Structures are given as structure tokens and as C-alpha cells.
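Engineer: Contents of model22.cif (mmCIF, C-alpha atoms and all ligand atoms):
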```cif
data_structure
#
loop_
_atom_site.label_atom_id
_atom_site.label_comp_id
_atom_site.auth_asym_id
_atom_site.auth_seq_id
_atom_site.Cartn_x
_atom_site.Cartn_y
_atom_site.Cartn_z
CA MET A 1 0.00 0.00 0.00
CA ALA A 2 1.29 3.45 -0.86
CA GLU A 3 2.47 5.54 2.04
CA LEU A 4 0.32 8.57 2.93
CA LEU A 5 2.04 11.93 2.59
CA THR A 6 1.13 15.25 4.13
CA ILE A 7 1.82 18.62 2.56
CA SER A 8 1.21 21.76 4.49
CA LEU A 9 -1.20 23.84 2.40
CA GLU A 10 0.00 26.90 4.29
CA GLU A 11 3.57 26.22 3.13
CA LEU A 12 2.43 25.59 -0.42
CA VAL A 13 0.29 28.73 -0.60
CA TYR A 14 2.99 30.84 1.01
CA SER A 15 5.85 29.59 -1.18
CA LEU A 16 4.00 29.83 -4.48
CA SER A 17 2.38 33.16 -3.75
CA THR A 18 5.57 34.73 -2.45
CA LEU A 19 7.50 33.46 -5.45
CA MET A 20 5.04 35.07 -7.87
CA ASP A 21 4.97 38.29 -5.90
CA HIS A 22 8.74 38.62 -6.30
CA THR A 23 8.27 39.11 -10.01
CA ILE A 24 9.77 42.18 -11.62
CA ALA A 25 6.57 42.41 -13.68
CA PRO A 26 3.66 44.72 -12.74
CA LEU A 27 1.84 42.30 -10.45
CA ARG A 28 4.51 42.41 -7.78
CA ASP A 29 2.87 41.98 -4.35
CA HIS A 30 -0.54 41.59 -5.95
CA HIS A 31 -1.26 38.07 -4.70
CA ARG A 32 -0.50 38.83 -1.10
CA ARG A 33 -2.75 41.90 -1.19
CA THR A 34 -5.60 40.01 -2.83
CA THR A 35 -5.36 37.15 -0.33
CA ILE A 36 -5.48 39.46 2.67
CA ALA A 37 -8.48 41.29 1.21
CA ALA A 38 -10.25 37.99 0.49
CA TYR A 39 -9.56 36.76 4.00
CA HIS A 40 -11.19 39.85 5.52
CA ILE A 41 -14.21 39.87 3.20
CA ALA A 42 -14.80 36.14 3.78
CA PHE A 43 -14.96 36.81 7.50
CA TYR A 44 -18.38 38.42 6.95
CA LEU A 45 -19.68 35.61 4.78
CA ASP A 46 -20.91 32.19 5.69
CA LEU A 47 -18.30 29.89 4.16
CA THR A 48 -17.61 26.26 4.93
CA TRP A 49 -14.14 25.35 6.12
CA GLN A 50 -13.37 23.87 2.71
CA GLN A 51 -14.58 26.96 0.86
CA ARG A 52 -12.34 29.15 2.97
CA ASN A 53 -9.31 26.92 2.33
CA ASP A 54 -9.99 27.01 -1.40
CA LEU A 55 -10.64 30.76 -1.48
CA ILE A 56 -7.32 31.51 0.22
CA PHE A 57 -5.43 29.08 -2.02
CA ALA A 58 -7.01 30.46 -5.18
CA SER A 59 -6.52 34.12 -4.17
CA ALA A 60 -2.87 33.54 -3.39
CA ILE A 61 -2.08 32.29 -6.90
CA HIS A 62 -4.95 33.59 -9.02
CA ASP A 63 -2.91 35.41 -11.68
CA ILE A 64 -0.34 32.65 -12.15
CA GLY A 65 -1.53 32.43 -15.76
CA ALA A 66 -0.54 36.04 -16.60
CA PHE A 67 2.89 35.31 -18.03
CA SER A 68 3.86 38.57 -19.69
CA ILE A 69 4.38 42.18 -18.61
CA LYS A 70 1.81 43.17 -21.22
CA GLU A 71 -0.82 40.85 -19.77
CA GLN A 72 -0.09 41.87 -16.19
CA LYS A 73 -0.34 45.57 -17.09
CA ALA A 74 -3.76 44.96 -18.65
CA LEU A 75 -4.97 43.44 -15.38
CA LEU A 76 -4.05 46.62 -13.58
CA ASP A 77 -5.70 48.83 -16.19
CA LEU A 78 -9.20 47.68 -15.29
CA ARG A 79 -10.37 47.14 -18.83
CA PHE A 80 -12.97 44.62 -17.76
CA GLU A 81 -14.74 44.25 -21.03
CA ASP A 82 -11.62 42.85 -22.71
CA GLN A 83 -11.94 39.21 -23.65
CA HIS A 84 -8.21 38.61 -23.34
CA ILE A 85 -8.52 39.18 -19.63
CA ASN A 86 -9.90 35.63 -19.54
CA GLN A 87 -6.85 34.10 -21.08
CA HIS A 88 -4.77 34.09 -17.93
CA ALA A 89 -7.71 32.70 -15.95
CA ARG A 90 -8.07 29.89 -18.45
CA ALA A 91 -4.31 29.19 -18.28
CA ALA A 92 -4.43 28.96 -14.49
CA TYR A 93 -7.41 26.62 -14.73
CA LEU A 94 -5.69 24.36 -17.24
CA LEU A 95 -2.52 24.20 -15.15
CA PHE A 96 -4.16 23.47 -11.80
CA LYS A 97 -6.81 21.03 -12.92
CA GLU A 98 -4.01 18.61 -13.81
CA PHE A 99 -3.66 17.67 -10.15
CA SER A 100 -6.87 16.01 -9.02
CA GLN A 101 -6.94 17.51 -5.53
CA PHE A 102 -6.77 21.02 -6.99
CA GLU A 103 -9.69 20.65 -9.34
CA HIS A 104 -12.03 22.91 -7.41
CA VAL A 105 -9.34 25.57 -6.96
CA ALA A 106 -8.85 25.36 -10.72
CA ILE A 107 -12.54 26.11 -11.30
CA ILE A 108 -12.38 29.11 -8.95
CA LEU A 109 -9.43 30.40 -10.99
CA ARG A 110 -11.25 29.87 -14.26
CA TYR A 111 -14.06 32.22 -13.26
CA HIS A 112 -12.17 34.85 -11.35
CA HIS A 113 -12.99 37.47 -13.99
CA ALA A 114 -16.43 36.14 -14.88
CA TYR A 115 -18.27 39.23 -13.67
CA LEU A 116 -22.04 39.49 -13.39
CA ASN A 117 -22.35 41.82 -16.35
CA ALA A 118 -20.06 39.73 -18.53
CA THR A 119 -21.83 36.41 -18.15
CA THR A 120 -25.11 34.80 -19.11
CA ASN A 121 -27.44 33.14 -16.60
CA ALA A 122 -26.29 29.72 -17.72
CA GLN A 123 -22.64 30.68 -17.23
CA ARG A 124 -23.37 32.24 -13.85
CA ALA A 125 -24.74 28.99 -12.54
CA LYS A 126 -21.29 27.43 -12.95
CA ILE A 127 -19.35 30.12 -11.10
CA PRO A 128 -18.23 29.05 -7.62
CA TYR A 129 -19.07 31.39 -4.75
CA GLU A 130 -15.34 31.72 -3.99
CA SER A 131 -14.78 33.25 -7.43
CA LEU A 132 -17.28 36.01 -6.66
CA ILE A 133 -15.34 36.89 -3.49
CA LEU A 134 -12.04 36.73 -5.32
CA GLN A 135 -13.35 39.16 -7.95
CA VAL A 136 -13.96 41.84 -5.36
CA ALA A 137 -10.76 41.16 -3.40
CA ASP A 138 -8.76 41.35 -6.64
CA GLN A 139 -10.15 44.79 -7.49
CA VAL A 140 -9.54 46.09 -3.98
CA ALA A 141 -5.93 44.91 -4.29
CA VAL A 142 -5.55 46.63 -7.66
CA LEU A 143 -7.16 49.91 -6.61
CA SER A 144 -5.15 50.14 -3.41
CA MET A 145 -1.79 49.46 -5.00
CA ASP A 146 0.98 52.03 -4.58
CA ALA A 147 -1.06 54.11 -2.16
CA HIS A 148 1.39 56.07 -0.08
CA ASN A 149 -0.98 55.95 2.84
CA ILE A 150 -3.78 53.57 2.03
CA LEU A 151 -6.18 55.38 4.40
CA ASP A 152 -6.04 58.38 2.07
CA ARG A 153 -7.54 56.25 -0.64
CA SER A 154 -9.97 53.93 1.15
CA ALA A 155 -13.08 56.12 0.73
CA LYS A 156 -12.51 56.35 -3.00
CA ILE A 157 -12.08 52.57 -3.29
CA ILE A 158 -15.24 51.92 -1.29
CA GLU A 159 -17.08 54.20 -3.70
CA GLU A 160 -15.65 52.44 -6.77
CA ILE A 161 -16.50 48.97 -5.51
CA ASN A 162 -20.03 49.99 -4.54
CA LYS A 163 -20.62 51.48 -7.98
CA GLN A 164 -20.13 47.95 -9.32
CA SER A 165 -22.53 46.31 -6.88
CA GLY A 166 -25.07 44.43 -9.00
CA VAL A 167 -23.18 45.49 -12.12
CA MET A 168 -19.91 43.55 -12.03
CA PHE A 169 -20.02 42.23 -8.51
CA ALA A 170 -22.58 40.22 -6.53
CA PRO A 171 -24.27 42.65 -4.06
CA GLU A 172 -23.89 40.18 -1.21
CA ILE A 173 -20.11 40.19 -1.56
CA VAL A 174 -20.00 43.98 -1.80
CA GLU A 175 -22.00 44.12 1.46
CA ALA A 176 -19.42 41.90 3.17
CA PHE A 177 -16.67 44.09 1.75
CA ASN A 178 -18.41 47.18 3.14
CA LYS A 179 -18.40 45.70 6.62
CA ALA A 180 -14.74 44.74 6.42
CA ALA A 181 -13.79 48.11 4.92
CA GLU A 182 -15.14 50.06 7.89
CA LYS A 183 -12.07 49.08 9.85
CA GLU A 184 -8.69 50.70 9.31
CA LYS A 185 -7.26 47.29 10.08
CA PHE A 186 -8.64 45.93 6.79
CA TRP A 187 -6.74 48.54 4.80
CA LEU A 188 -3.57 48.45 6.84
CA ASP A 189 -3.46 44.65 6.64
CA ILE A 190 -3.78 44.83 2.85
CA ASN A 191 -0.75 47.05 2.74
CA ASN A 192 1.30 45.36 5.42
CA LEU A 193 0.33 41.90 6.61
CA SER A 194 2.49 39.03 5.32
CA LEU A 195 0.99 35.66 4.49
CA SER A 196 3.29 33.98 6.99
CA ALA A 197 1.92 36.25 9.72
CA LEU A 198 -1.62 35.57 8.56
CA PHE A 199 -1.11 31.81 8.87
CA ALA A 200 0.88 32.04 12.07
CA GLU A 201 -1.61 34.18 13.93
CA ARG A 202 -5.07 34.11 12.44
CA LEU A 203 -5.86 31.54 9.84
CA LYS A 204 -5.27 27.81 9.83
CA LEU A 205 -5.54 25.92 6.57
CA ASP A 206 -6.04 22.17 6.34
CA ASN A 207 -3.07 20.08 5.28
CA LEU A 208 -3.21 18.11 2.07
CA HIS A 209 -2.98 14.35 2.29
CA PHE A 210 -2.22 12.11 -0.62
CA LYS A 211 -0.57 8.85 -1.53
CA SER A 212 3.18 8.96 -2.02
CA ASP A 213 2.82 7.92 -5.66
CA GLU A 214 0.75 11.06 -6.29
CA LEU A 215 3.70 13.27 -5.41
CA MET A 216 5.10 12.94 -8.92
CA GLY A 217 1.74 14.19 -10.21
CA LEU A 218 2.04 17.31 -8.11
CA VAL A 219 5.61 17.93 -9.26
CA ASN A 220 4.52 17.32 -12.82
CA MET A 221 1.91 20.03 -12.39
CA PHE A 222 4.74 22.37 -11.36
CA ARG A 223 6.71 21.34 -14.45
CA ARG A 224 3.86 22.53 -16.64
CA ILE A 225 3.51 25.76 -14.65
CA ILE A 226 7.20 26.49 -15.19
CA ASP A 227 7.53 25.48 -18.83
CA PHE A 228 4.23 26.53 -20.35
CA ARG A 229 4.85 30.22 -19.61
CA SER A 230 6.42 30.45 -23.03
CA GLU A 231 6.89 28.39 -26.16
CA VAL A 232 10.63 28.93 -25.73
CA THR A 233 10.76 27.06 -22.43
CA SER A 234 7.83 24.73 -23.11
CA THR A 235 9.85 21.51 -23.15
CA HIS A 236 13.04 22.44 -21.29
CA THR A 237 12.27 20.97 -17.89
CA ALA A 238 11.15 17.65 -19.33
CA GLY A 239 14.50 17.38 -21.12
CA VAL A 240 16.70 18.29 -18.17
CA SER A 241 14.84 15.94 -15.89
CA VAL A 242 15.17 12.89 -18.10
CA VAL A 243 18.84 13.52 -18.92
CA ALA A 244 19.73 13.89 -15.23
CA ALA A 245 17.72 10.78 -14.32
CA GLU A 246 19.37 8.77 -17.11
CA LEU A 247 22.82 9.84 -15.92
CA ALA A 248 21.94 8.72 -12.39
CA ARG A 249 20.56 5.42 -13.66
CA ILE A 250 23.69 4.61 -15.68
CA HIS A 251 25.85 5.72 -12.76
CA GLY A 252 24.04 3.14 -10.62
CA SER A 253 22.00 5.36 -8.29
CA GLU A 254 19.16 3.76 -6.37
CA GLU A 255 15.57 3.87 -7.66
CA GLU A 256 14.54 6.31 -4.94
CA THR A 257 17.41 8.67 -5.79
CA ILE A 258 16.52 8.54 -9.48
CA ARG A 259 12.92 9.39 -8.63
CA LYS A 260 14.07 12.35 -6.55
CA ILE A 261 16.43 13.55 -9.28
CA THR A 262 13.50 13.43 -11.70
CA MET A 263 11.54 15.65 -9.32
CA ALA A 264 14.49 17.99 -8.76
CA GLY A 265 14.79 18.23 -12.55
CA PHE A 266 11.10 19.11 -12.83
CA LEU A 267 11.50 21.85 -10.24
CA HIS A 268 14.94 23.25 -11.06
CA ASP A 269 13.69 26.33 -12.90
CA ILE A 270 10.65 27.12 -10.76
CA GLY A 271 12.38 30.38 -9.79
CA LYS A 272 11.72 31.48 -13.39
CA LEU A 273 8.18 32.29 -12.33
CA ILE A 274 9.57 35.71 -11.42
CA VAL A 275 10.73 36.26 -15.02
CA PRO A 276 8.13 37.70 -17.41
CA SER A 277 7.73 35.85 -20.69
CA GLU A 278 9.03 38.81 -22.73
CA ILE A 279 12.50 38.11 -21.33
CA LEU A 280 12.19 34.33 -21.69
CA GLU A 281 11.24 34.86 -25.33
CA LYS A 282 13.86 37.40 -26.33
CA PRO A 283 15.71 35.77 -29.22
CA GLY A 284 18.80 37.99 -29.31
CA LYS A 285 21.38 38.76 -26.69
CA LEU A 286 19.98 39.84 -23.34
CA THR A 287 20.91 43.21 -21.90
CA ARG A 288 22.88 43.18 -18.67
CA ALA A 289 19.74 44.08 -16.72
CA GLU A 290 17.73 41.30 -18.36
CA PHE A 291 20.46 38.78 -17.68
CA ASN A 292 20.58 39.91 -14.07
CA ILE A 293 16.87 39.13 -13.80
CA ILE A 294 17.42 35.63 -15.21
CA ARG A 295 20.36 35.21 -12.85
CA THR A 296 18.08 35.48 -9.83
CA HIS A 297 16.01 32.42 -10.72
CA THR A 298 18.01 29.75 -8.88
CA TYR A 299 17.94 31.83 -5.73
CA PHE A 300 14.15 31.78 -5.94
CA THR A 301 14.10 28.05 -6.71
CA TYR A 302 16.00 27.61 -3.46
CA GLU A 303 13.67 29.89 -1.49
CA PHE A 304 10.59 28.18 -2.90
CA LEU A 305 11.79 24.67 -2.03
CA ASN A 306 13.19 25.79 1.29
CA THR A 307 9.69 26.72 2.43
CA LEU A 308 8.25 23.33 1.52
CA SER A 309 9.35 20.68 4.01
CA ILE A 310 8.26 17.90 1.68
CA PHE A 311 10.94 18.95 -0.82
CA SER A 312 13.75 19.69 1.64
CA ASP A 313 15.93 16.83 0.41
CA ILE A 314 15.85 17.93 -3.23
CA ARG A 315 16.17 21.66 -2.55
CA ASP A 316 19.93 21.78 -3.13
CA TRP A 317 19.95 19.49 -6.16
CA ALA A 318 17.34 21.64 -7.89
CA SER A 319 18.74 25.06 -7.00
CA GLN A 320 22.44 24.43 -7.64
CA HIS A 321 22.27 23.83 -11.38
CA HIS A 322 24.10 27.04 -12.23
CA GLU A 323 26.82 26.41 -9.65
CA ARG A 324 30.20 25.40 -11.08
CA LEU A 325 33.02 23.23 -9.73
CA ASN A 326 35.48 26.15 -9.87
CA GLY A 327 33.24 28.25 -7.63
CA ARG A 328 32.29 30.69 -10.41
CA GLY A 329 28.64 29.71 -10.72
CA TYR A 330 25.69 31.40 -9.07
CA PRO A 331 24.12 32.30 -6.69
CA PHE A 332 25.86 30.49 -3.80
CA HIS A 333 29.35 30.03 -5.27
CA GLU A 334 29.47 26.41 -4.19
CA ASN A 335 32.47 24.42 -5.46
CA ASP A 336 33.87 20.94 -6.08
CA ARG A 337 34.07 20.29 -2.36
CA SER A 338 30.43 21.10 -1.68
CA LEU A 339 28.51 20.04 -4.79
CA SER A 340 26.85 16.63 -4.60
CA PHE A 341 26.70 14.08 -7.41
CA GLU A 342 23.01 14.87 -7.91
CA SER A 343 23.57 18.63 -8.19
CA ARG A 344 26.36 18.03 -10.72
CA ALA A 345 24.17 15.70 -12.73
CA ILE A 346 21.43 18.31 -13.04
CA ALA A 347 23.99 20.97 -14.02
CA VAL A 348 25.35 18.73 -16.80
CA ALA A 349 21.82 17.84 -17.90
CA ASP A 350 20.85 21.52 -18.00
CA VAL A 351 23.73 22.50 -20.27
CA PHE A 352 23.28 19.46 -22.53
CA THR A 353 19.54 20.07 -22.88
CA ALA A 354 19.92 23.81 -23.48
CA LEU A 355 22.31 23.09 -26.35
CA THR A 356 20.45 20.24 -28.02
CA GLU A 357 16.82 21.34 -27.66
CA ASP A 358 15.04 23.19 -30.46
CA ARG A 359 13.84 26.71 -29.77
CA PRO A 360 11.29 28.56 -31.91
CA TYR A 361 14.09 30.77 -33.25
CA ARG A 362 16.84 28.16 -33.70
CA LYS A 363 17.45 24.44 -34.01
CA GLY A 364 19.37 22.62 -31.33
CA VAL A 365 22.85 21.22 -32.05
CA THR A 366 23.45 17.47 -32.35
CA GLY A 367 24.44 15.40 -29.31
CA LYS A 368 27.98 15.12 -30.70
CA GLU A 369 28.31 18.89 -31.14
CA ALA A 370 26.98 19.44 -27.63
CA MET A 371 29.65 17.14 -26.21
CA VAL A 372 32.37 19.38 -27.70
CA VAL A 373 30.97 22.32 -25.71
CA LEU A 374 30.64 20.22 -22.55
CA ASP A 375 34.26 19.11 -22.87
CA VAL A 376 35.31 22.75 -22.94
CA ASP A 377 33.26 23.29 -19.75
CA VAL A 378 35.17 20.42 -18.17
CA GLN A 379 38.45 22.05 -19.23
CA LYS A 380 37.34 25.25 -17.54
CA GLN A 381 36.60 23.21 -14.41
CA GLU A 382 32.95 24.06 -14.55
CA LEU A 383 31.25 20.70 -15.12
CA ASP A 384 32.02 17.33 -13.56
CA PRO A 385 34.50 15.39 -15.76
CA ASN A 386 33.18 11.93 -14.81
CA LEU A 387 29.59 12.85 -15.54
CA VAL A 388 30.48 14.45 -18.86
CA LEU A 389 32.45 11.31 -19.73
CA LEU A 390 29.47 9.15 -18.81
CA LEU A 391 27.19 11.31 -20.92
CA GLY A 392 29.62 11.10 -23.84
CA GLU A 393 29.72 7.31 -23.64
CA HIS A 394 25.93 6.99 -23.58
CA GLN A 395 25.20 10.04 -25.65
CA ASP A 396 22.95 8.36 -28.23
CA GLU A 397 20.74 6.60 -25.74
CA ILE A 398 20.43 9.60 -23.43
CA ASN A 399 19.80 11.98 -26.30
CA GLN A 400 17.05 9.72 -27.63
CA ALA A 401 15.40 9.71 -24.20
CA ARG A 402 15.61 13.52 -24.15
CA ILE A 403 14.07 13.85 -27.61
CA LYS A 404 11.23 11.53 -26.66
CA ALA A 405 10.48 13.36 -23.39
CA GLN A 406 10.58 16.75 -25.11
CA ASP A 407 8.36 15.57 -28.00
CA ARG A 408 5.80 14.42 -25.47
CA SER A 409 6.00 17.73 -23.65
CA ARG A 410 5.62 19.64 -26.93
CA LYS A 411 2.40 17.82 -27.71
CA GLU A 412 1.09 18.63 -24.23
CA TYR A 413 2.00 22.28 -24.75
CA GLN A 414 0.22 22.40 -28.10
CA ALA A 415 -2.93 20.95 -26.53
CA PHE A 416 -2.64 23.51 -23.72
CA MET A 417 -2.34 26.41 -26.17
CA LYS A 418 -5.29 25.18 -28.19
CA GLU A 419 -7.47 25.18 -25.09
CA MET A 420 -6.11 28.52 -23.99
CA ASN A 421 -6.96 30.32 -27.19
CA LYS A 422 -10.65 29.50 -27.01
CA GLU A 423 -12.92 32.48 -26.66
CA GLY A 424 -15.14 33.37 -23.73
CA PHE A 425 -15.70 31.76 -20.36
FE FE B 1 -6.80 37.83 -12.82
FE FE B 2 -5.52 39.78 -9.97
FE FE B 3 18.14 27.41 -14.81
#
```
Kindly present the structure from the file in C-alpha cells form.
Structural biologist:
Amino acid sequence: MAELLTISLEELVYSLSTLMDHTIAPLRDHHRRTTIAAYHIAFYLDLTWQQRNDLIFASAIHDIGAFSIKEQKALLDLRFEDQHINQHARAAYLLFKEFSQFEHVAIILRYHHAYLNATTNAQRAKIPYESLILQVADQVAVLSMDAHNILDRSAKIIEEINKQSGVMFAPEIVEAFNKAAEKEKFWLDINNLSLSALFAERLKLDNLHFKSDELMGLVNMFRRIIDFRSEVTSTHTAGVSVVAAELARIHGSEEETIRKITMAGFLHDIGKLIVPSEILEKPGKLTRAEFNIIRTHTYFTYEFLNTLSIFSDIRDWASQHHERLNGRGYPFHENDRSLSFESRAIAVADVFTALTEDRPYRKGVTGKEAMVVLDVDVQKQELDPNLVLLLGEHQDEINQARIKAQDRSRKEYQAFMKEMNKEGF
């Protein structure tokens, strides 16, 4: 019988939400603000325990499908009638519904811009109550952003939200908002309260329980969240993961280690959630500033995994893939004395995959050509010589496995994009 695992939902919500809120794109801090607003509004509504859990979870990640600066800016511009505002909601839905326990959260995300005046009666019947709360909380978060002193602006925001009562928003939710908004505490919390403080002091969320063999499903959901932000990255993680796992298998690692390396491979670039897709997609040379943004991603991979106790043993393997044996990698400047076999394997797999994979603007090099580059990296004392040797010896077989994994991922991405480009709710 499969072992039962527990994940702290508070840790998951905190780590994912905080990661997204570190973005350099316009929605910085937006998820925290929305979650705090939703928490306060929900206090005046009669929600079940489960509904409250799901509302907080959904609020904390609701714009995870807005990949670009352009899209994020539009969300702050309040152009509600735009159809494209639904695209990011649909993306979030498609990403989260992949993990069976998150199906209801996925539906909340799908309808988080399905306002009263933008939907038909038939559509409205499908909208979860939590989405209606999230809609109001989201707008409060947007309207209160960048307020020097939020109390200077609260009256204006109350007026704006009430204007939309029965128009965009359900009157019942606006009433709850009105009660919450009477207190300065509501506004000051929106500007100041961290999610960790919220969970530590006021709000307990239920843990998630699932069978140990479902863990890969959860990690696989993360893989899609990371890669599907752009066509450029759409198959990268799948490639890195399989190359690293194959290296470990040939090396003779145990089954359990190989499974964990696969997961570390799936998660290695999760820090890229802070990078808007415009930078991921730039075909030419990056500016120094753009490269510096990319260079932060492994730090955020580390921070994300560090918060989640269930992933503590793969944290280092996943976040050290830009470290180098000579100590000149980033961000920790680890070296040949501190880097584990697993971390080295993912670093080698990352370079090999980056070279051989096709991008929309260029074809990948052959396995043979990639090995020439990897040998130079060994000369420079960057990559592990034994692992590069191993890869060279089994290059055909490993490269075939990579191609297969990336082809599969490409098909998944195409299906995802097809769904995403549908019109309406
Ligand atoms: Fe949104
Ligand atoms: Fe939002
Ligand atoms: Fe990376």
C-alpha cells in the first residue's frame, strides 16, 4: 500500500504566492494583497471550512496564468470588457486542474474574472461562490496598489467597488466588503500583513494528504507551470529531468534517488516564475539588466523549495544547477568540495539540454556537437568530468530519451495552447 504523505497547504500557498509576488513584472505583491483582502471579506460571509481553504489558495495564486508584462499591465488597467482578460484565468485553470486535488481551486481560478455583467445566466450557474469573493478582493488589491498611505484612498475605493454592486459584482459580496472596509485594520493589513503572519496568527488551513505515488503528479503540475509560460521554455524541464535521471541510472543510483532527481529536474527552474515571458522569449542577446533578472532564478528556486518541508531533500539538487566546480557559478558560489553528485548531474543535464533542444528561433545542435561544448566546460573546471564522460559514452541513448520526453511535452503544450486560445468563459 502506498504511504500517505502530508503537505502543508500553508507552506504551499505561502511559497507559491511569495514566489510570484517577487516578479519584476507589474503584479509584484498583488497576490499577497488580494489574499489578505479575500480573508477579511470572507470573514463576513458564511463559508464552509473547505470553501475558505480554497478561497485563500485560489486568491494567493490567481494570476499565475498572466505570463507577460503586457498581460499583467492589462490586469491593472481595469479594462474589464476585454476578452483577453480571460486568457490568464483559463491558463491557471488548465494548469491546476491537472492535479486532481486542486480541481475545485482550478474552477475558482477559471471564473475569477467572470463578472455578473459579462456572463449569461447559464454561465453564472457554474461560477463558484469563492470566485465572486475573489473578484472583489482582486479589485480592492488593484485599486489600493501604490497608495502612499492607504487610508487616504480607502473612501474612493469603497465608492468604486459599490458602484459595481449588481453590475460587475454580486451585491452580497459587496455588502461583506463594506463591513470589512469600515475598519482601518482591513486597509492596513492589505498594505502590510504578510501571508506567513496571517497563517501564524489568524488563519489555519487544512493540510493536504495524498498517496506517495501522487507526489510525482504534483511535481509534474509544477513542471507545466514552469515550462508553459512560453513556447521557448515549453519543453526544457522535461528534457533536463530525463537527462539527469538517465545519468543517475547509468551511474548506478538507487531507484529512490533517481525518482528524486527526476523531481528535482522538474523543479529546477521554478524560480523562473519571477521572469516575465518577454524576457524568456527574447531571441537575441539579453541586456545586462535582463540577464541579471534571469540570474536570480536559482535563488528563488532555493527559497521556494526551502519553504516546503516535503521537498527539503531535493532543494539543493534543484537550485544548484548554475553552480560550477570552480566556484564561479551562481548564486551560492558552491564548489567541487560542496557540490553533490546529484547537483552536478542536473547541471550537466541543464547545459546538454539547453544546447540540443530546439527553440522557436533556432534548431538545437546534435548530441555530438553538444559534447564538444561540454568538454570545454570540463576544461574550464565548470562541469564534472566523470559525468560528462558518462554522458559522452551513452550520448545516443540519453539523447534519444531527451528527444522523446521533449516531444511528449511539446504535444502537451500544443494541446494547452489550443485550449487557452478559445474564446469566452
Ligand atoms: Fe486575474
Ligand atoms: Fe488579480
Ligand atoms: Fe536554470
Engineer: Could you pull out the residues sitting within 8 Å of ligand FE 1 (chain B), using only C-alpha atoms and all ligand atoms, and write them as an NGL selection string?
Structural biologist: :A and (62-63 or 66 or 75 or 85-86 or 88-89 or 112-113 or 138)
Engineer: Save out the residues we just selected, C-alpha atoms, as a PDB file, keeping the file's coordinate frame.
Structural biologist:
```
ATOM      1  CA  HIS A  62      -4.950  33.590  -9.020  1.00  0.00           C
ATOM      2  CA  ASP A  63      -2.910  35.410 -11.680  1.00  0.00           C
ATOM      3  CA  ALA A  66      -0.540  36.040 -16.600  1.00  0.00           C
ATOM      4  CA  LEU A  75      -4.970  43.440 -15.380  1.00  0.00           C
ATOM      5  CA  ILE A  85      -8.520  39.180 -19.630  1.00  0.00           C
ATOM      6  CA  ASN A  86      -9.900  35.630 -19.540  1.00  0.00           C
ATOM      7  CA  HIS A  88      -4.770  34.090 -17.930  1.00  0.00           C
ATOM      8  CA  ALA A  89      -7.710  32.700 -15.950  1.00  0.00           C
ATOM      9  CA  HIS A 112     -12.170  34.850 -11.350  1.00  0.00           C
ATOM     10  CA  HIS A 113     -12.990  37.470 -13.990  1.00  0.00           C
ATOM     11  CA  ASP A 138      -8.760  41.350  -6.640  1.00  0.00           C
TER      12      ASP A 138
END
```
Engineer: Tell me which of A:Asn121, A:Tyr115, A:Ala137, A:Phe304 sits closest to ligand FE 2 (chain B), counting all atoms listed in the file.
Structural biologist: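 Using all atoms listed in the file, ligand FE 2 (chain B) sits closest to A:Ala137.
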Engineer: Do a neighbour search on Val351 (chain A) at 9 Å with only C-alpha atoms, toss out local chain neighbours closer than 3 positions, and write the hits as a ChimeraX atom specification.
Structural biologist: /A:240,346-348,354-356,370,374
Engineer: Hey, which residues come within 10 Å of ligand FE 3 (chain B) if we count all atoms listed in the file? Could you give them as a VMD selection string?
Structural biologist: chain A and resid 236 to 237 240 267 to 272 294 to 298 301 318 to 322 346 to 347 350 to 351 354
Engineer: Can you write out the residues you just picked, keeping C-alpha atoms, as an mmCIF file, keeping the file's coordinate frame?
Structural biologist:
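part_7.cif was written with the following content:
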```cif
data_model
loop_
_atom_site.group_PDB
_atom_site.id
_atom_site.type_symbol
_atom_site.label_atom_id
_atom_site.label_comp_id
_atom_site.auth_asym_id
_atom_site.auth_seq_id
_atom_site.Cartn_x
_atom_site.Cartn_y
_atom_site.Cartn_z
ATOM 1 C CA HIS A 236 13.040 22.440 -21.290
ATOM 2 C CA THR A 237 12.270 20.970 -17.890
ATOM 3 C CA VAL A 240 16.700 18.290 -18.170
ATOM 4 C CA LEU A 267 11.500 21.850 -10.240
ATOM 5 C CA HIS A 268 14.940 23.250 -11.060
ATOM 6 C CA ASP A 269 13.690 26.330 -12.900
ATOM 7 C CA ILE A 270 10.650 27.120 -10.760
ATOM 8 C CA GLY A 271 12.380 30.380 -9.790
ATOM 9 C CA LYS A 272 11.720 31.480 -13.390
ATOM 10 C CA ILE A 294 17.420 35.630 -15.210
ATOM 11 C CA ARG A 295 20.360 35.210 -12.850
ATOM 12 C CA THR A 296 18.080 35.480 -9.830
ATOM 13 C CA HIS A 297 16.010 32.420 -10.720
ATOM 14 C CA THR A 298 18.010 29.750 -8.880
ATOM 15 C CA THR A 301 14.100 28.050 -6.710
ATOM 16 C CA ALA A 318 17.340 21.640 -7.890
ATOM 17 C CA SER A 319 18.740 25.060 -7.000
ATOM 18 C CA GLN A 320 22.440 24.430 -7.640
ATOM 19 C CA HIS A 321 22.270 23.830 -11.380
ATOM 20 C CA HIS A 322 24.100 27.040 -12.230
ATOM 21 C CA ILE A 346 21.430 18.310 -13.040
ATOM 22 C CA ALA A 347 23.990 20.970 -14.020
ATOM 23 C CA ASP A 350 20.850 21.520 -18.000
ATOM 24 C CA VAL A 351 23.730 22.500 -20.270
ATOM 25 C CA ALA A 354 19.920 23.810 -23.480
#
```
Engineer: Quick one: of A:Pro276, A:Gly65, A:Gly166, A:Pro331, who's nearest to ligand FE 2 (chain B), counting only C-alpha atoms and all ligand atoms?
Structural biologist: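 Of all the options, A:Gly65 lies closest to ligand FE 2 (chain B).
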Engineer: What is the distance, in Å and to one decimal place, between CA of Lys211 (chain A) and CA of Ser253 (chain A)?
Structural biologist: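 Between these atoms lies a distance of 23.8 Å.
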Engineer: Please indicate the distance in Å from CA of His209 (chain A) to CA of Glu10 (chain A), rounded to one decimal place.
Structural biologist: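 Between CA of His209 (chain A) and CA of Glu10 (chain A) the gap works out to 13.1 Å.
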Engineer: Any idea what's packed within 12 Å of Leu16 (chain A), counting all atoms listed in the file, ignoring anything in its chain fewer than 2 positions away? Could you give it as a ChimeraX atom specification?
Structural biologist: /A:9-14,18-23,31-32,57-64,195,222,225-226,270-274,300-301,303-308
Engineer: Can you tell me, as a ChimeraX atom specification, what residues are no more than 8 Å from Lys73 (chain A) when counting only C-alpha atoms, ignoring any on the same chain fewer than 4 positions away?
Structural biologist: /A:26-27,69,77
